[in-house]
Amino acid sequence: MSVQRQLTNERMSQIVTHNGTVYLAGQVGDDMNAGIEQQTREALANIERLLDLAGTDKSRLLSVTIYLKDIDAHFQGMNSVWDSWLPKGLAPARATVEAKLCEPEILVELSVVAALA
């Protein structure tokens, strides 16, 4: 079984596909000055774009790990966007944790595993 990598640089690949499973690098929003809701929307849009490029979509999510800069301050706002984005009845396994992220302006980062369509 081959491993396919897409959007690769010397440090990482944005997409890795193996054995019918797609792994995405952690995704963040584009506007680091935005609030939690906008950063979450942008990160989820990036996830959709990458899943499409890999040949699948958000209805095939298996697992999502969500990293929040401040879980007390951002959990509710992130969830309001997440809940409206997620297809009804297709919730993946999920973990949400508080983490120190690589840039102080990043409020949320999502790591995704999905099945190929």
# chains A, B, ... in the order shown; residues from 1 in each chain; ligands from 1
>>> residues_around(residues="Ser80 (chain A)", least_positions_apart="6", cutoff="12 Å", atoms="only C-alpha atoms", output="PyMOL selection string")
chain A and resi 36-38+40-41+74+86
>>> residues_around(residues="Gly29 (chain A)", least_positions_apart="2", cutoff="9 Å", atoms="only C-alpha atoms", output="VMD selection string")
chain A and resid 27 31 to 32 34 38 to 46 106 to 109
>>> write_last_selection(atoms="N, CA and C atoms", output="mmCIF file, in the first residue's frame")
data_model
loop_
_atom_site.group_PDB
_atom_site.id
_atom_site.type_symbol
_atom_site.label_atom_id
_atom_site.label_comp_id
_atom_site.auth_asym_id
_atom_site.auth_seq_id
_atom_site.Cartn_x
_atom_site.Cartn_y
_atom_site.Cartn_z
ATOM 1 N N GLN A 27 -4.960 22.537 10.973
ATOM 2 C CA GLN A 27 -5.457 23.671 10.191
ATOM 3 C C GLN A 27 -5.877 24.804 11.113
ATOM 4 N N ASP A 31 -6.943 34.648 9.150
ATOM 5 C CA ASP A 31 -6.871 35.975 9.767
ATOM 6 C C ASP A 31 -6.572 35.829 11.253
ATOM 7 N N MET A 32 -5.313 36.017 11.603
ATOM 8 C CA MET A 32 -4.898 35.839 12.991
ATOM 9 C C MET A 32 -5.390 36.955 13.909
ATOM 10 N N ALA A 34 -8.598 37.832 13.851
ATOM 11 C CA ALA A 34 -10.022 37.555 14.016
ATOM 12 C C ALA A 34 -10.288 36.869 15.353
ATOM 13 N N GLN A 38 -14.530 33.419 13.773
ATOM 14 C CA GLN A 38 -13.991 33.590 12.424
ATOM 15 C C GLN A 38 -12.795 32.678 12.186
ATOM 16 N N GLN A 39 -11.913 32.560 13.157
ATOM 17 C CA GLN A 39 -10.779 31.649 12.983
ATOM 18 C C GLN A 39 -11.269 30.215 12.808
ATOM 19 N N THR A 40 -12.316 29.824 13.535
ATOM 20 C CA THR A 40 -12.858 28.478 13.393
ATOM 21 C C THR A 40 -13.464 28.299 12.004
ATOM 22 N N ARG A 41 -14.257 29.269 11.535
ATOM 23 C CA ARG A 41 -14.842 29.180 10.190
ATOM 24 C C ARG A 41 -13.762 29.025 9.126
ATOM 25 N N GLU A 42 -12.715 29.807 9.236
ATOM 26 C CA GLU A 42 -11.640 29.761 8.244
ATOM 27 C C GLU A 42 -10.893 28.430 8.295
ATOM 28 N N ALA A 43 -10.616 27.921 9.488
ATOM 29 C CA ALA A 43 -9.939 26.629 9.612
ATOM 30 C C ALA A 43 -10.802 25.522 9.020
ATOM 31 N N LEU A 44 -12.110 25.561 9.271
ATOM 32 C CA LEU A 44 -13.010 24.548 8.723
ATOM 33 C C LEU A 44 -13.107 24.650 7.203
ATOM 34 N N ALA A 45 -13.056 25.853 6.667
ATOM 35 C CA ALA A 45 -13.042 26.026 5.209
ATOM 36 C C ALA A 45 -11.756 25.433 4.627
ATOM 37 N N ASN A 46 -10.638 25.628 5.297
ATOM 38 C CA ASN A 46 -9.384 25.024 4.845
ATOM 39 C C ASN A 46 -9.470 23.504 4.876
ATOM 40 N N ILE A 106 -2.996 32.657 17.254
ATOM 41 C CA ILE A 106 -3.827 31.519 16.860
ATOM 42 C C ILE A 106 -4.677 31.098 18.055
ATOM 43 N N LEU A 107 -5.983 31.073 17.841
ATOM 44 C CA LEU A 107 -6.919 30.705 18.905
ATOM 45 C C LEU A 107 -7.377 29.257 18.809
ATOM 46 N N VAL A 108 -7.336 28.672 17.588
ATOM 47 C CA VAL A 108 -7.834 27.313 17.387
ATOM 48 C C VAL A 108 -7.048 26.643 16.267
ATOM 49 N N GLU A 109 -6.792 25.359 16.433
ATOM 50 C CA GLU A 109 -6.172 24.532 15.407
ATOM 51 C C GLU A 109 -6.886 23.184 15.433
#
>>> atom_distance(atom1="CA of Gln4 (chain A)", atom2="CA of His18 (chain A)")
6.6 Å
>>> select_by_dssp(residues="chain A", states="alpha helix (DSSP H)", output="VMD selection string")
chain A and resid 36 to 54 71 to 85
>>> closest_residue(among="A:Leu61, A:Ile47, A:Leu7, A:Leu116", to="Gly89 (chain A)", atoms="only C-alpha atoms")
A:Leu61
>>> closest_residue(among="A:Ala117, A:Val112, A:Glu48, A:Gly20", to="Pro92 (chain A)", atoms="only C-alpha atoms")
A:Val112
>>> select_by_dssp(residues="region 52-87 of chain A", states="strand (DSSP E or B)", output="PyMOL selection string")
chain A and resi 61-68
>>> write_last_selection(atoms="C-alpha atoms", output="mmCIF file, in the first residue's frame")
data_model
loop_
_atom_site.group_PDB
_atom_site.id
_atom_site.type_symbol
_atom_site.label_atom_id
_atom_site.label_comp_id
_atom_site.auth_asym_id
_atom_site.auth_seq_id
_atom_site.Cartn_x
_atom_site.Cartn_y
_atom_site.Cartn_z
ATOM 1 C CA LEU A 61 -14.665 12.490 9.091
ATOM 2 C CA LEU A 62 -13.392 9.801 11.455
ATOM 3 C CA SER A 63 -11.581 11.786 14.123
ATOM 4 C CA VAL A 64 -10.927 15.455 14.923
ATOM 5 C CA THR A 65 -8.662 16.873 17.598
ATOM 6 C CA ILE A 66 -9.313 20.525 18.403
ATOM 7 C CA TYR A 67 -6.662 22.611 20.126
ATOM 8 C CA LEU A 68 -7.838 25.813 21.793
#
>>> atom_distance(atom1="CA of Ile15 (chain A)", atom2="CA of Val97 (chain A)")
22.5 Å
>>> closest_residue(among="A:Leu53, A:Leu90, A:Met78, A:Val28", to="Cys102 (chain A)", atoms="only C-alpha atoms")
A:Val28
>>> decode(residues="region 7-33 of chain A", atoms="C-alpha atoms", output="PDB file, in the first residue's frame")
ATOM      1  CA  LEU A   7       1.161  19.979  -0.624  1.00  0.00           C
ATOM      2  CA  THR A   8       4.479  18.904   0.832  1.00  0.00           C
ATOM      3  CA  ASN A   9       7.427  21.021   1.874  1.00  0.00           C
ATOM      4  CA  GLU A  10      10.643  20.166   3.736  1.00  0.00           C
ATOM      5  CA  ARG A  11       8.816  20.110   7.082  1.00  0.00           C
ATOM      6  CA  MET A  12       5.376  18.607   6.485  1.00  0.00           C
ATOM      7  CA  SER A  13       2.610  17.537   4.148  1.00  0.00           C
ATOM      8  CA  GLN A  14      -0.824  19.146   4.316  1.00  0.00           C
ATOM      9  CA  ILE A  15      -2.417  15.858   3.186  1.00  0.00           C
ATOM     10  CA  VAL A  16      -1.244  12.272   3.643  1.00  0.00           C
ATOM     11  CA  THR A  17      -3.309   9.395   2.298  1.00  0.00           C
ATOM     12  CA  HIS A  18      -2.737   5.733   3.157  1.00  0.00           C
ATOM     13  CA  ASN A  19      -4.899   2.623   3.114  1.00  0.00           C
ATOM     14  CA  GLY A  20      -8.159   4.500   2.449  1.00  0.00           C
ATOM     15  CA  THR A  21      -7.538   7.085   5.170  1.00  0.00           C
ATOM     16  CA  VAL A  22      -6.731  10.794   4.820  1.00  0.00           C
ATOM     17  CA  TYR A  23      -4.691  12.637   7.443  1.00  0.00           C
ATOM     18  CA  LEU A  24      -4.569  16.425   7.405  1.00  0.00           C
ATOM     19  CA  ALA A  25      -1.969  18.636   9.011  1.00  0.00           C
ATOM     20  CA  GLY A  26      -3.337  20.911  11.726  1.00  0.00           C
ATOM     21  CA  GLN A  27      -5.457  23.671  10.191  1.00  0.00           C
ATOM     22  CA  VAL A  28      -5.823  27.216  11.462  1.00  0.00           C
ATOM     23  CA  GLY A  29      -7.676  30.273  10.228  1.00  0.00           C
ATOM     24  CA  ASP A  30      -6.151  32.766   7.811  1.00  0.00           C
ATOM     25  CA  ASP A  31      -6.871  35.975   9.767  1.00  0.00           C
ATOM     26  CA  MET A  32      -4.898  35.839  12.991  1.00  0.00           C
ATOM     27  CA  ASN A  33      -6.522  39.072  14.176  1.00  0.00           C
TER      28      ASN A  33
END
